[in-house]
$ cat final.cif   # mmCIF, C-alpha atoms
data_data
#
loop_
_atom_site.label_atom_id
_atom_site.label_comp_id
_atom_site.auth_asym_id
_atom_site.auth_seq_id
_atom_site.Cartn_x
_atom_site.Cartn_y
_atom_site.Cartn_z
CA MET A 231 58.02 -127.06 16.63
CA LEU A 232 56.54 -123.81 15.32
CA LYS A 233 58.74 -123.90 12.22
CA SER A 234 57.70 -127.53 11.64
CA ILE A 235 54.01 -126.61 11.88
CA ASN A 236 54.45 -123.74 9.42
CA GLN A 237 56.29 -125.98 6.96
CA ALA A 238 53.69 -128.72 7.41
CA TYR A 239 50.96 -126.16 6.73
CA LEU A 240 52.31 -125.32 3.29
CA LEU A 241 53.04 -128.94 2.37
CA VAL A 242 49.70 -130.25 3.64
CA SER A 243 47.69 -127.48 1.98
CA VAL A 244 49.35 -127.97 -1.41
CA ILE A 245 48.89 -131.75 -1.27
CA LEU A 246 45.25 -131.54 -0.18
CA TYR A 247 44.28 -129.02 -2.84
CA PHE A 248 46.18 -130.97 -5.50
CA ILE A 249 44.40 -134.22 -4.61
CA LEU A 250 41.03 -132.46 -4.46
CA SER A 251 41.61 -130.50 -7.68
CA PRO A 252 39.31 -132.80 -9.76
CA LYS A 253 36.41 -131.45 -7.68
CA ILE A 254 37.11 -127.86 -8.76
CA SER A 255 34.25 -126.32 -10.71
CA GLY A 256 35.19 -124.09 -13.63
CA GLU A 257 32.55 -121.63 -12.45
CA TYR A 258 34.49 -120.82 -9.27
CA ILE A 259 38.05 -121.11 -10.57
CA LEU A 260 38.73 -117.49 -9.52
CA ILE A 261 37.92 -118.36 -5.91
CA ASN A 262 40.16 -121.43 -6.03
CA LEU A 263 43.05 -119.34 -7.35
CA PHE A 264 42.44 -116.79 -4.60
CA VAL A 265 42.50 -119.57 -1.99
CA MET A 266 45.86 -120.87 -3.24
CA LEU A 267 47.23 -117.33 -3.14
CA SER A 268 45.97 -117.10 0.47
CA VAL A 269 47.83 -120.29 1.43
CA ILE A 270 51.12 -119.12 -0.11
CA THR A 271 51.03 -115.57 1.27
CA TYR A 272 49.91 -116.70 4.73
CA PHE A 273 52.78 -119.19 4.94
CA THR A 274 55.26 -116.62 3.60
CA VAL A 275 54.30 -114.00 6.18
CA LEU A 276 54.39 -116.46 9.09
CA TYR A 277 57.67 -117.99 7.96
CA THR A 278 59.48 -114.67 7.49
CA ASN A 279 58.26 -113.26 10.80
CA ILE A 280 59.81 -116.08 12.81
CA ASP A 281 63.35 -114.88 12.17
CA ILE A 282 63.03 -111.08 12.15
CA ASN A 283 64.95 -108.86 14.58
CA LEU A 284 63.68 -109.33 18.14
CA LYS A 285 63.25 -105.55 18.43
CA SER A 286 60.64 -105.73 15.63
CA TYR A 287 58.15 -107.68 17.77
CA THR A 288 56.26 -104.53 18.68
CA LYS A 289 52.67 -103.28 18.53
CA THR A 290 53.53 -100.79 15.80
CA TYR A 291 55.11 -103.36 13.49
CA LEU A 292 52.33 -105.87 14.19
CA SER A 293 49.55 -103.33 13.57
CA THR A 294 51.08 -102.12 10.31
CA GLU A 295 51.59 -105.62 8.98
CA VAL A 296 48.08 -106.78 9.87
CA PHE A 297 46.43 -103.65 8.52
CA LEU A 298 48.17 -103.76 5.13
CA TYR A 299 47.68 -107.51 4.68
CA SER A 300 44.00 -107.30 5.70
CA LEU A 301 43.40 -104.29 3.45
CA LEU A 302 44.77 -106.18 0.44
CA PHE A 303 42.84 -109.40 1.02
CA VAL A 304 39.54 -107.79 2.06
CA ALA A 305 39.70 -105.68 -1.12
CA MET A 306 40.26 -108.82 -3.20
CA GLU A 307 37.43 -110.66 -1.45
CA ASN A 308 35.05 -107.79 -2.07
CA SER A 309 36.08 -107.72 -5.73
CA ILE A 310 35.40 -111.45 -6.04
CA SER A 311 32.04 -111.02 -4.30
CA TYR A 312 31.03 -108.25 -6.71
CA PHE A 313 32.22 -110.30 -9.71
CA TYR A 314 30.04 -113.29 -8.81
CA SER A 315 27.01 -111.77 -7.10
CA ASN A 316 27.07 -108.04 -7.92
CA ASN A 317 27.27 -107.07 -4.23
CA PHE A 318 29.83 -106.89 -1.41
CA PHE A 319 28.21 -109.29 1.08
CA MET A 320 30.57 -112.20 0.34
CA PHE A 321 27.84 -114.75 -0.45
CA SER A 322 26.30 -114.14 3.00
CA MET A 323 22.85 -113.05 1.96
CA SER A 324 20.91 -113.74 5.15
CA ASP A 325 22.03 -111.99 8.34
CA ALA A 326 24.35 -109.50 6.63
CA VAL A 327 21.63 -108.24 4.29
CA THR A 328 19.14 -108.13 7.18
CA TYR A 329 21.48 -105.93 9.24
CA HIS A 330 22.09 -103.72 6.20
CA LYS A 331 18.42 -103.24 5.30
CA SER A 332 17.31 -102.80 8.92
CA THR A 333 19.87 -100.02 9.43
CA ILE A 334 18.90 -98.28 6.18
CA GLU A 335 15.24 -98.26 7.33
CA ILE A 336 16.02 -96.46 10.59
CA LEU A 337 18.90 -94.29 9.44
CA ASN A 338 16.85 -91.08 9.19
CA LYS A 339 15.47 -91.43 12.75
CA PRO A 340 16.96 -90.30 16.08
CA LEU A 341 18.96 -93.07 17.78
CA LEU A 342 16.47 -93.96 20.54
CA GLU A 343 13.55 -93.97 18.13
CA ALA A 344 15.60 -96.05 15.69
CA ILE A 345 16.38 -98.63 18.41
CA ASP A 346 12.73 -98.81 19.43
CA GLN A 347 11.64 -99.43 15.83
CA TYR A 348 14.29 -102.09 15.32
CA LEU A 349 13.33 -104.01 18.47
CA THR A 350 9.72 -104.30 17.28
CA HIS A 351 10.74 -106.95 14.75
CA MET A 352 14.29 -108.07 15.67
CA GLY A 353 15.98 -109.62 18.70
CA PHE A 354 17.93 -107.87 21.46
CA ASP A 355 21.02 -110.04 20.83
CA ASP A 356 21.45 -108.51 17.37
CA LEU A 357 20.96 -104.93 18.49
CA GLY A 358 24.72 -104.48 18.88
CA MET A 359 25.27 -104.82 15.15
CA ILE A 360 22.71 -102.13 14.44
CA LEU A 361 24.40 -99.84 16.99
CA VAL A 362 27.67 -100.39 15.07
CA LEU A 363 26.14 -99.76 11.64
CA TYR A 364 23.98 -96.77 12.63
CA PRO A 365 26.84 -94.24 13.10
CA ILE A 366 29.13 -95.50 10.32
CA TYR A 367 26.26 -95.67 7.81
CA HIS A 368 25.81 -91.95 8.37
CA ILE A 369 29.20 -91.62 6.66
CA TYR A 370 28.11 -93.75 3.71
CA PRO A 371 25.48 -96.56 3.80
CA SER A 372 27.43 -99.42 2.26
CA ASN A 373 28.98 -102.67 3.38
CA ILE A 374 32.30 -101.29 2.13
CA THR A 375 32.13 -98.66 4.90
CA LEU A 376 31.74 -101.45 7.44
CA ASN A 377 34.67 -103.35 5.89
CA ILE A 378 36.92 -100.29 6.30
CA PHE A 379 35.77 -99.95 9.89
CA TYR A 380 36.49 -103.64 10.47
CA LEU A 381 40.09 -103.09 9.39
CA LEU A 382 40.48 -100.81 12.39
CA VAL A 383 38.62 -103.32 14.56
CA THR A 384 41.05 -106.03 13.43
CA VAL A 385 44.05 -103.92 14.43
CA ILE A 386 42.54 -103.33 17.88
CA THR A 387 41.82 -107.06 18.25
CA THR A 388 45.34 -107.92 17.08
CA VAL A 389 46.98 -105.61 19.60
CA GLY A 390 44.59 -106.92 22.27
CA ILE A 391 45.68 -110.51 21.65
CA PHE A 392 49.34 -109.44 21.62
CA GLU A 393 49.09 -107.64 24.96
CA LEU A 394 47.03 -110.46 26.46
CA ALA A 395 49.48 -113.14 25.29
CA LYS A 396 52.47 -111.24 26.71
CA ASN A 397 51.12 -112.08 30.17
CA PHE A 398 52.03 -115.73 29.55
CA MET A 399 54.82 -115.92 26.95
CA SER A 400 57.71 -114.10 25.31
CA ASP A 401 57.08 -111.06 23.11
CA LYS A 402 58.12 -113.05 20.03
CA TYR A 403 55.58 -115.82 20.49
CA ALA A 404 52.88 -113.39 21.61
CA PHE A 405 53.53 -111.49 18.38
CA LEU A 406 53.38 -114.66 16.26
CA ALA A 407 50.22 -115.91 18.00
CA SER A 408 48.45 -112.62 17.31
CA LEU A 409 49.74 -112.43 13.74
CA SER A 410 48.81 -116.00 12.82
CA TYR A 411 45.28 -115.55 14.14
CA SER A 412 44.65 -112.09 12.69
CA LEU A 413 45.80 -113.05 9.18
CA SER A 414 43.85 -116.32 9.12
CA SER A 415 41.52 -116.66 6.16
CA PHE A 416 38.45 -116.98 8.39
CA VAL A 417 39.25 -113.69 10.16
CA LEU A 418 39.73 -111.95 6.81
CA LEU A 419 36.45 -113.40 5.56
CA PHE A 420 34.42 -112.03 8.46
CA ASN A 421 36.09 -108.66 7.96
CA ALA A 422 34.76 -108.67 4.40
CA THR A 423 31.18 -109.61 5.28
CA GLY A 424 28.44 -107.57 6.92
CA LEU A 425 28.24 -109.90 9.92
CA LYS A 426 28.74 -109.04 13.59
CA GLU A 427 31.52 -111.52 14.43
CA SER A 428 34.53 -109.20 13.93
CA PHE A 429 33.27 -106.58 16.38
CA MET A 430 31.97 -109.19 18.84
CA ILE A 431 35.31 -111.03 18.92
CA MET A 432 37.08 -107.73 19.58
CA LEU A 433 34.87 -107.31 22.66
CA VAL A 434 35.64 -110.84 23.87
CA VAL A 435 39.40 -110.35 23.43
CA LEU A 436 39.33 -106.94 25.13
CA SER A 437 37.28 -108.26 28.04
CA PHE A 438 40.02 -110.79 28.87
CA LYS A 439 42.76 -108.25 28.18
CA TYR A 440 41.22 -105.82 30.65
CA TYR A 441 40.58 -108.59 33.16
CA TYR A 442 44.30 -109.37 33.28
CA SER A 443 44.98 -105.66 33.85
CA LEU A 444 42.51 -105.21 36.74
CA ASN A 445 45.27 -105.01 39.36
CA LYS A 446 47.23 -102.44 37.34
CA LYS A 447 44.75 -99.71 36.47
CA LEU A 448 41.36 -98.54 37.75
CA SER A 449 40.39 -97.70 34.18
CA SER A 450 40.75 -101.39 33.31
CA SER A 451 37.86 -102.21 35.66
CA ILE A 452 35.61 -99.73 33.87
CA ALA A 453 36.74 -101.00 30.47
CA PHE A 454 36.17 -104.63 31.54
CA LEU A 455 32.62 -103.92 32.68
CA SER A 456 31.96 -101.95 29.49
CA THR A 457 33.01 -104.82 27.24
CA ILE A 458 30.93 -107.33 29.23
CA ILE A 459 27.85 -105.09 29.02
CA SER A 460 28.46 -104.50 25.31
CA LEU A 461 28.54 -108.27 24.68
CA LEU A 462 24.94 -108.49 25.94
CA PHE A 463 23.93 -106.71 22.72
CA PHE A 464 25.71 -109.29 20.55
CA ARG A 465 25.58 -112.71 22.24
CA PRO A 466 24.56 -112.64 25.93
CA ALA A 467 25.75 -116.21 26.52
CA LEU A 468 29.36 -115.06 25.97
CA ALA A 469 29.13 -112.45 28.72
CA VAL A 470 27.78 -115.09 31.10
CA MET A 471 30.54 -117.54 30.13
CA ILE A 472 33.30 -114.98 30.67
CA ILE A 473 31.99 -114.05 34.12
CA GLY A 474 31.55 -117.72 34.95
CA VAL A 475 35.08 -118.81 33.97
CA ILE A 476 36.62 -115.91 35.85
CA GLY A 477 34.69 -116.89 38.95
CA LEU A 478 35.59 -120.57 38.57
CA SER A 479 39.27 -119.73 38.06
CA SER A 480 39.32 -117.58 41.18
CA ILE A 481 37.84 -120.37 43.28
CA LEU A 482 40.25 -123.02 41.99
CA SER A 483 43.31 -120.80 42.28
CA ASN A 484 45.40 -121.15 45.43
CA LYS A 485 46.32 -117.51 45.05
CA GLY A 486 44.24 -114.44 45.56
CA SER A 487 42.69 -112.64 48.47
CA ILE A 488 39.65 -113.71 50.49
CA GLY A 489 37.83 -110.81 48.85
CA LYS A 490 38.42 -112.37 45.44
CA LYS A 491 37.14 -115.72 46.68
CA ILE A 492 33.97 -114.10 48.02
CA PHE A 493 33.54 -112.19 44.77
CA ALA A 494 33.88 -115.43 42.81
CA PHE A 495 31.30 -117.12 45.04
CA LEU A 496 28.89 -114.24 44.46
CA ILE A 497 29.39 -114.68 40.72
CA PHE A 498 28.25 -118.28 40.98
CA LEU A 499 25.22 -117.25 43.01
CA PHE A 500 24.43 -114.75 40.27
CA LEU A 501 24.72 -117.47 37.61
CA ILE A 502 22.35 -119.70 39.59
CA ALA A 503 19.89 -116.81 39.86
CA MET A 504 20.18 -116.30 36.11
CA SER A 505 19.77 -119.99 35.31
CA ASN A 506 16.35 -119.55 33.69
CA SER A 507 17.71 -116.90 31.34
CA ILE A 508 20.71 -119.09 30.53
CA LEU A 509 18.45 -122.06 29.73
CA ALA A 510 16.36 -119.80 27.50
CA GLU A 511 19.53 -118.76 25.69
CA ILE A 512 20.48 -122.41 25.17
CA GLU A 513 16.99 -123.16 23.90
CA SER A 514 17.28 -120.39 21.32
CA TYR A 515 20.49 -121.97 20.00
CA THR A 516 18.98 -125.47 19.95
CA THR A 517 16.02 -124.39 17.81
CA GLY A 518 13.40 -124.83 20.50
CA GLY A 519 14.95 -127.42 22.78
CA MET A 520 17.10 -130.53 22.67
CA ASP A 521 14.26 -132.79 21.52
CA THR A 522 13.65 -130.60 18.49
CA LEU A 523 17.37 -130.43 17.77
CA VAL A 524 17.87 -134.20 17.96
CA GLU A 525 14.83 -134.73 15.76
CA ALA A 526 16.29 -132.30 13.20
CA ARG A 527 19.63 -134.14 13.20
CA ASP A 528 17.85 -137.49 12.74
CA MET A 529 16.02 -136.08 9.72
CA LYS A 530 19.41 -135.37 8.11
CA GLY A 531 20.11 -139.09 8.06
CA SER A 532 22.69 -139.48 10.83
CA SER A 533 22.31 -141.10 14.22
CA VAL A 534 22.53 -138.94 17.32
CA SER A 535 25.59 -140.81 18.62
CA PHE A 536 27.46 -140.39 15.31
CA ALA A 537 26.46 -136.73 15.20
CA TYR A 538 27.93 -136.18 18.66
CA ILE A 539 31.19 -137.90 17.71
CA VAL A 540 31.54 -135.66 14.64
CA HIS A 541 30.73 -132.44 16.53
CA ILE A 542 32.98 -133.27 19.50
CA LEU A 543 35.86 -134.07 17.14
CA SER A 544 35.21 -130.92 15.13
CA GLN A 545 35.39 -128.77 18.24
CA ALA A 546 38.45 -130.57 19.58
CA ILE A 547 40.58 -129.94 16.49
CA GLY A 548 38.60 -127.70 14.12
CA PRO A 549 36.04 -126.94 12.79
CA ILE A 550 37.11 -129.28 9.98
CA PRO A 551 37.20 -127.35 6.69
CA THR A 552 35.48 -128.12 3.40
CA LEU A 553 38.19 -127.14 0.92
CA ILE A 554 36.31 -127.25 -2.39
CA SER A 555 32.55 -126.97 -2.85
CA SER A 556 30.29 -125.54 -5.53
CA GLU A 557 27.44 -125.27 -2.99
CA LYS A 558 29.08 -123.91 0.18
CA ILE A 559 31.03 -121.02 -1.32
CA LEU A 560 32.00 -119.38 1.98
CA THR A 561 33.75 -122.53 3.19
CA MET A 562 36.32 -122.23 0.40
CA PHE A 563 37.33 -118.75 1.59
CA TYR A 564 37.96 -119.69 5.20
CA ALA A 565 39.32 -123.23 4.70
CA PRO A 566 43.07 -122.32 4.52
CA GLY A 567 43.01 -120.75 7.98
CA LEU A 568 41.20 -123.75 9.45
CA ILE A 569 43.94 -126.07 8.17
CA TYR A 570 46.43 -124.11 10.28
CA ARG A 571 44.06 -124.13 13.26
CA ILE A 572 43.83 -127.95 13.00
CA LEU A 573 47.62 -128.26 12.97
CA LEU A 574 47.64 -126.22 16.20
CA ALA A 575 45.43 -128.84 17.88
CA PHE A 576 48.51 -130.83 18.94
CA PRO A 577 50.25 -128.00 20.88
CA PHE A 578 46.86 -126.77 22.13
CA TRP A 579 45.90 -130.00 23.90
CA LEU A 580 49.44 -130.49 25.20
CA ALA A 581 49.21 -126.96 26.58
CA ILE A 582 45.99 -127.88 28.40
CA PHE A 583 47.78 -130.87 29.94
CA TYR A 584 50.85 -128.89 31.05
CA ILE A 585 48.81 -125.93 32.32
CA TYR A 586 46.96 -128.37 34.57
CA LYS A 587 50.14 -130.25 35.50
CA THR A 588 52.07 -127.10 36.42
CA ARG A 589 49.03 -125.46 38.04
CA ASP A 590 49.48 -122.34 35.92
CA TYR A 591 46.36 -120.67 37.34
CA LYS A 592 46.94 -117.50 35.38
CA LEU A 593 45.82 -119.25 32.21
CA TYR A 594 42.78 -120.92 33.74
CA PRO A 595 40.21 -118.30 32.60
CA LEU A 596 41.24 -118.69 28.95
CA VAL A 597 41.36 -122.50 29.20
CA PHE A 598 37.96 -122.74 30.88
CA PHE A 599 36.41 -120.33 28.39
CA VAL A 600 37.64 -122.35 25.41
CA LEU A 601 36.62 -125.69 26.93
CA MET A 602 33.23 -124.37 28.00
CA GLU A 603 32.40 -123.02 24.56
CA MET A 604 33.70 -126.14 22.84
CA SER A 605 31.59 -128.34 25.12
CA SER A 606 28.49 -126.16 24.70
CA LEU A 607 28.71 -126.19 20.90
CA ALA A 608 29.28 -129.95 20.82
CA PHE A 609 26.35 -130.45 23.23
CA ILE A 610 23.93 -128.51 21.02
CA LEU A 611 25.38 -130.17 17.90
CA ASP A 612 26.76 -126.92 16.50
CA GLY A 613 30.39 -128.00 16.50
CA LEU A 614 30.71 -127.67 12.72
CA GLU A 615 29.54 -124.06 12.69
CA LEU A 616 32.50 -121.69 12.34
CA ARG A 617 30.49 -118.58 13.28
CA LYS A 618 29.60 -120.08 16.65
CA SER A 619 33.22 -121.16 17.26
CA MET A 620 34.83 -117.82 16.43
CA PRO A 621 34.73 -116.31 19.97
CA HIS A 622 37.08 -118.94 21.44
CA ILE A 623 39.42 -119.49 18.47
CA PRO A 624 41.72 -116.51 19.32
CA PHE A 625 42.43 -118.18 22.66
CA VAL A 626 43.11 -121.54 21.01
CA PHE A 627 45.97 -119.73 19.24
CA VAL A 628 47.16 -118.10 22.47
CA ILE A 629 47.12 -121.37 24.43
CA ALA A 630 48.79 -123.33 21.61
CA PHE A 631 51.53 -120.71 21.25
CA TRP A 632 52.06 -120.80 25.03
CA PHE A 633 53.12 -124.42 24.63
CA LEU A 634 55.16 -123.69 21.49
CA ASP A 635 57.02 -120.95 23.35
CA LYS A 636 57.80 -123.21 26.31
CA TYR A 637 58.74 -126.16 24.09
CA ASP A 638 60.88 -124.33 21.54
CA ASN A 639 62.74 -122.48 24.29
CA ARG A 640 63.12 -125.72 26.30
CA VAL A 641 61.31 -124.39 29.35
CA LEU A 642 59.22 -127.57 29.47
CA ARG A 643 61.23 -130.72 30.01
CA ILE A 644 60.28 -133.54 27.67
CA LYS A 645 62.08 -136.71 28.77
CA LYS A 646 61.90 -138.71 25.55
CA ARG A 647 62.12 -135.89 23.05
CA LYS A 648 62.75 -138.13 20.01
CA ARG A 649 59.67 -140.24 20.70
CA PHE A 650 57.72 -137.07 21.38
CA ASN A 651 58.67 -135.70 17.94
CA GLN A 652 57.53 -138.96 16.33
CA PHE A 653 54.20 -138.65 18.12
CA PHE A 654 53.92 -135.06 16.87
CA LYS A 655 54.45 -136.14 13.25
CA PHE A 656 51.99 -139.01 13.64
CA SER A 657 49.36 -136.58 15.00
CA MET A 658 49.87 -134.27 12.02
CA PHE A 659 49.35 -137.26 9.72
CA ILE A 660 46.09 -138.21 11.47
CA PHE A 661 44.79 -134.63 11.23
CA VAL A 662 45.51 -134.57 7.50
CA LEU A 663 43.69 -137.89 7.05
CA LEU A 664 40.66 -136.46 8.85
CA ILE A 665 40.57 -133.42 6.57
CA PHE A 666 40.96 -135.69 3.54
CA TYR A 667 38.17 -138.01 4.75
CA TRP A 668 35.88 -135.07 5.48
CA ASN A 669 36.28 -133.71 1.98
CA PHE A 670 35.66 -137.10 0.31
CA ARG A 671 32.92 -138.40 2.61
#
$ encode --input "final.cif" --output "structure tokens"
Amino acid sequence: MLKSINQAYLLVSVILYFILSPKISGEYILINLFVMLSVITYFTVLYTNIDINLKSYTKTYLSTEVFLYSLLFVAMENSISYFYSNNFFMFSMSDAVTYHKSTIEILNKPLLEAIDQYLTHMGFDDLGMILVLYPIYHIYPSNITLNIFYLLVTVITTVGIFELAKNFMSDKYAFLASLSYSLSSFVLLFNATGLKESFMIMLVVLSFKYYYSLNKKLSSSIAFLSTIISLLFFRPALAVMIIGVIGLSSILSNKGSIGKKIFAFLIFLFLIAMSNSILAEIESYTTGGMDTLVEARDMKGSSVSFAYIVHILSQAIGPIPTLISSEKILTMFYAPGLIYRILLAFPFWLAIFYIYKTRDYKLYPLVFFVLMEMSSLAFILDGLELRKSMPHIPFVFVIAFWFLDKYDNRVLRIKKRKRFNQFFKFSMFIFVLLIFYWNFR
């Protein structure tokens, strides 16, 4: 099935871009050419890595491949950004520029004084980005410095996904899951911007990686707590979600000691005690409350019910990409990777079904985290926003590749395999129609 998805990715991407080619603006032809190069190289790398020597599925080989590929494409993206806008912020002139300017203003001050000055006019949940920029801007105050740093962050994230995935699947499919995520166009885009997502996602991935190592090393407990605390400086809701899904998984699992059950129960008591803070966090994401949010959606000309259908669907299989646009430039850069993510929706949801059916409790924390974030984003009508979806997308890849590993190696028994394959092809066709409709709506 994995080979079929990879082949479908190339075919679908070429067809979609060919059909949509009349919408291409001459002004952004360089970006469109870059996007097509991204599709071809991404497919080539994934396709060739399926059949390499089994001994090559190692951290060293994976790290080298991801680093070199990311270096090449981030350099090209920065060049394109400079060509069109005379800066390296990749058409992200709001948050990225704010982080940059805020750090420049406090760079000549001691760290504690710098933090105090920053918090007088900015929020606590963005402080983490300033703490990242402050030391590396002492090397050289440029977004390029951050991009170089993010290359190292990407390698750490890649290895983290690989080691996490090996808890559930073969080394080969853990390798391919990590590779396919790390080389996705949306990951490369965030590595080229001045936004906080790349570092924040590393923390999310590492928190789960260390959680699954808690019984092996004492240092993993310290590292787990450190990543959770660090997330409070980026997006506090994520730290709460991770703690919550771990607690829920421990309660539902038939395995584990009484101590773990008590610990999980205490986690839920903590979440209840923190309910006011959690509601405040939700309110900040809903622009002042659900009433205000619904009113804002109505002003855009769509009914609330239709808006919820779109956002639920977008979270279930996407976000759905806008392939060509002369207004939303960033969407063109990350669209190729989202096409692949949509094609993974079929094995992802089948994985959810079989994980529940087989009571594979080990995967519950990842499943609950993905479903909780998907549901939350759909609830607050933010299901189309890629930035908000990024924290759970690595685990969509891991869960989908869990199914692909079990299916391709015939661990899962599918009674009517021929009919199942027909259903798979039909699902791919529906996904392509949805992307096509979205881009011509």
$ atom_distance --input "final.cif" --atom1 "atom CA of A:Met604" --atom2 "atom CA of A:Thr388"
22.4 Å
$ closest_atom_pairs --input "final.cif" --of "stretch 371-457 of chain A" --to "stretch 258-274 of chain A" --cutoff "10 Å" --atoms "all atoms listed in the file" --output "CSV"
residue,atom,partner,partner_atom,distance
A:Leu409,CA,A:Tyr272,CA,10.0
A:Ser410,CA,A:Tyr272,CA,8.2
A:Leu413,CA,A:Tyr272,CA,7.1
A:Ser414,CA,A:Tyr272,CA,7.5
A:Ser415,CA,A:Ser268,CA,7.2
$ atom_distance --input "final.cif" --atom1 "atom CA of A:Ile374" --atom2 "atom CA of A:Lys339"
22.2 Å
$ residues_around --input "final.cif" --residues "A:Leu394" --least-positions-apart "2" --cutoff "9 Å" --atoms "only C-alpha atoms" --output "list in words"
Val389, Gly390, Ile391, Phe392, Lys396, Asn397, Phe398, Ala404, Val435, Leu436, Phe438, Lys439, Tyr440, Tyr442 and Val628 of chain A
$ write_last_selection --input "final.cif" --atoms "C-alpha atoms" --output "PDB file, in the coordinates of the input"
ATOM      1  CA  VAL A 389      46.980-105.610  19.600  1.00  0.00           C
ATOM      2  CA  GLY A 390      44.590-106.920  22.270  1.00  0.00           C
ATOM      3  CA  ILE A 391      45.680-110.510  21.650  1.00  0.00           C
ATOM      4  CA  PHE A 392      49.340-109.440  21.620  1.00  0.00           C
ATOM      5  CA  LYS A 396      52.470-111.240  26.710  1.00  0.00           C
ATOM      6  CA  ASN A 397      51.120-112.080  30.170  1.00  0.00           C
ATOM      7  CA  PHE A 398      52.030-115.730  29.550  1.00  0.00           C
ATOM      8  CA  ALA A 404      52.880-113.390  21.610  1.00  0.00           C
ATOM      9  CA  VAL A 435      39.400-110.350  23.430  1.00  0.00           C
ATOM     10  CA  LEU A 436      39.330-106.940  25.130  1.00  0.00           C
ATOM     11  CA  PHE A 438      40.020-110.790  28.870  1.00  0.00           C
ATOM     12  CA  LYS A 439      42.760-108.250  28.180  1.00  0.00           C
ATOM     13  CA  TYR A 440      41.220-105.820  30.650  1.00  0.00           C
ATOM     14  CA  TYR A 442      44.300-109.370  33.280  1.00  0.00           C
ATOM     15  CA  VAL A 628      47.160-118.100  22.470  1.00  0.00           C
TER      16      VAL A 628
END
$ residues_around --input "final.cif" --residues "A:Asp281" --least-positions-apart "5" --cutoff "12 Å" --atoms "only C-alpha atoms" --output "ChimeraX atom specification"
/A:232-233,274-276,286-287,402-403,406
$ write_last_selection --input "final.cif" --atoms "C-alpha atoms" --output "mmCIF file, keeping the file's coordinate frame"
data_model
loop_
_atom_site.group_PDB
_atom_site.id
_atom_site.type_symbol
_atom_site.label_atom_id
_atom_site.label_comp_id
_atom_site.auth_asym_id
_atom_site.auth_seq_id
_atom_site.Cartn_x
_atom_site.Cartn_y
_atom_site.Cartn_z
ATOM 1 C CA LEU A 232 56.540 -123.810 15.320
ATOM 2 C CA LYS A 233 58.740 -123.900 12.220
ATOM 3 C CA THR A 274 55.260 -116.620 3.600
ATOM 4 C CA VAL A 275 54.300 -114.000 6.180
ATOM 5 C CA LEU A 276 54.390 -116.460 9.090
ATOM 6 C CA SER A 286 60.640 -105.730 15.630
ATOM 7 C CA TYR A 287 58.150 -107.680 17.770
ATOM 8 C CA LYS A 402 58.120 -113.050 20.030
ATOM 9 C CA TYR A 403 55.580 -115.820 20.490
ATOM 10 C CA LEU A 406 53.380 -114.660 16.260
#
$ resolve_selection --input "final.cif" --expression "the PyMOL selection byres ((chain A and resi 386) around 12)" --output "PyMOL selection string"
chain A and resi 289-290+292-294+296-297+379-385+387-393+408+412+428-429+431-436+439
$ closest_residue --input "final.cif" --among "A:Ala422, A:Leu298, A:Ile282, A:Leu448" --to "A:Ile310" --atoms "all atoms listed in the file"
A:Ala422
$ closest_residue --input "final.cif" --among "A:Asn236, A:Phe319, A:Phe313, A:Pro551" --to "A:Phe563" --atoms "all atoms listed in the file"
A:Pro551
$ resolve_selection --input "final.cif" --expression "the PyMOL selection byres ((chain A and resi 453) around 10)" --output "MDAnalysis selection string"
chainID A and resid 436:437 439:441 444 448:452 454:459
$ residues_around --input "final.cif" --residues "A:Ile623" --least-positions-apart "6" --cutoff "10 Å" --atoms "all atoms listed in the file" --output "compact mmCIF listing (two decimals) with C-alpha atoms, in the coordinates of the input"
# COMPACT_ATOMS: atom_id res chain seq x y z
CA TYR A 411 45.28 -115.55 14.14
CA ILE A 431 35.31 -111.03 18.92
CA GLY A 548 38.60 -127.70 14.12
CA PRO A 549 36.04 -126.94 12.79
CA ARG A 571 44.06 -124.13 13.26
CA VAL A 600 37.64 -122.35 25.41
CA GLU A 603 32.40 -123.02 24.56
CA MET A 604 33.70 -126.14 22.84
CA LEU A 616 32.50 -121.69 12.34
CA ILE A 629 47.12 -121.37 24.43
$ closest_residue --input "final.cif" --among "A:Tyr367, A:Phe303, A:Phe405, A:Tyr538" --to "A:Ser605" --atoms "only C-alpha atoms"
A:Tyr538
$ atom_distance --input "final.cif" --atom1 "atom CA of A:Asp638" --atom2 "atom CA of A:Lys587"
18.6 Å
$ resolve_selection --input "final.cif" --expression "the PyMOL selection byres ((chain A and resi 246) around 12)" --output "VMD selection string"
chain A and resid 238 to 245 247 to 253 266 269 551 to 554 565 to 566 569 661 to 670
$ closest_residue --input "final.cif" --among "A:Met471, A:Pro595, A:Ala395, A:Arg647" --to "A:Trp632" --atoms "all atoms listed in the file"
A:Ala395
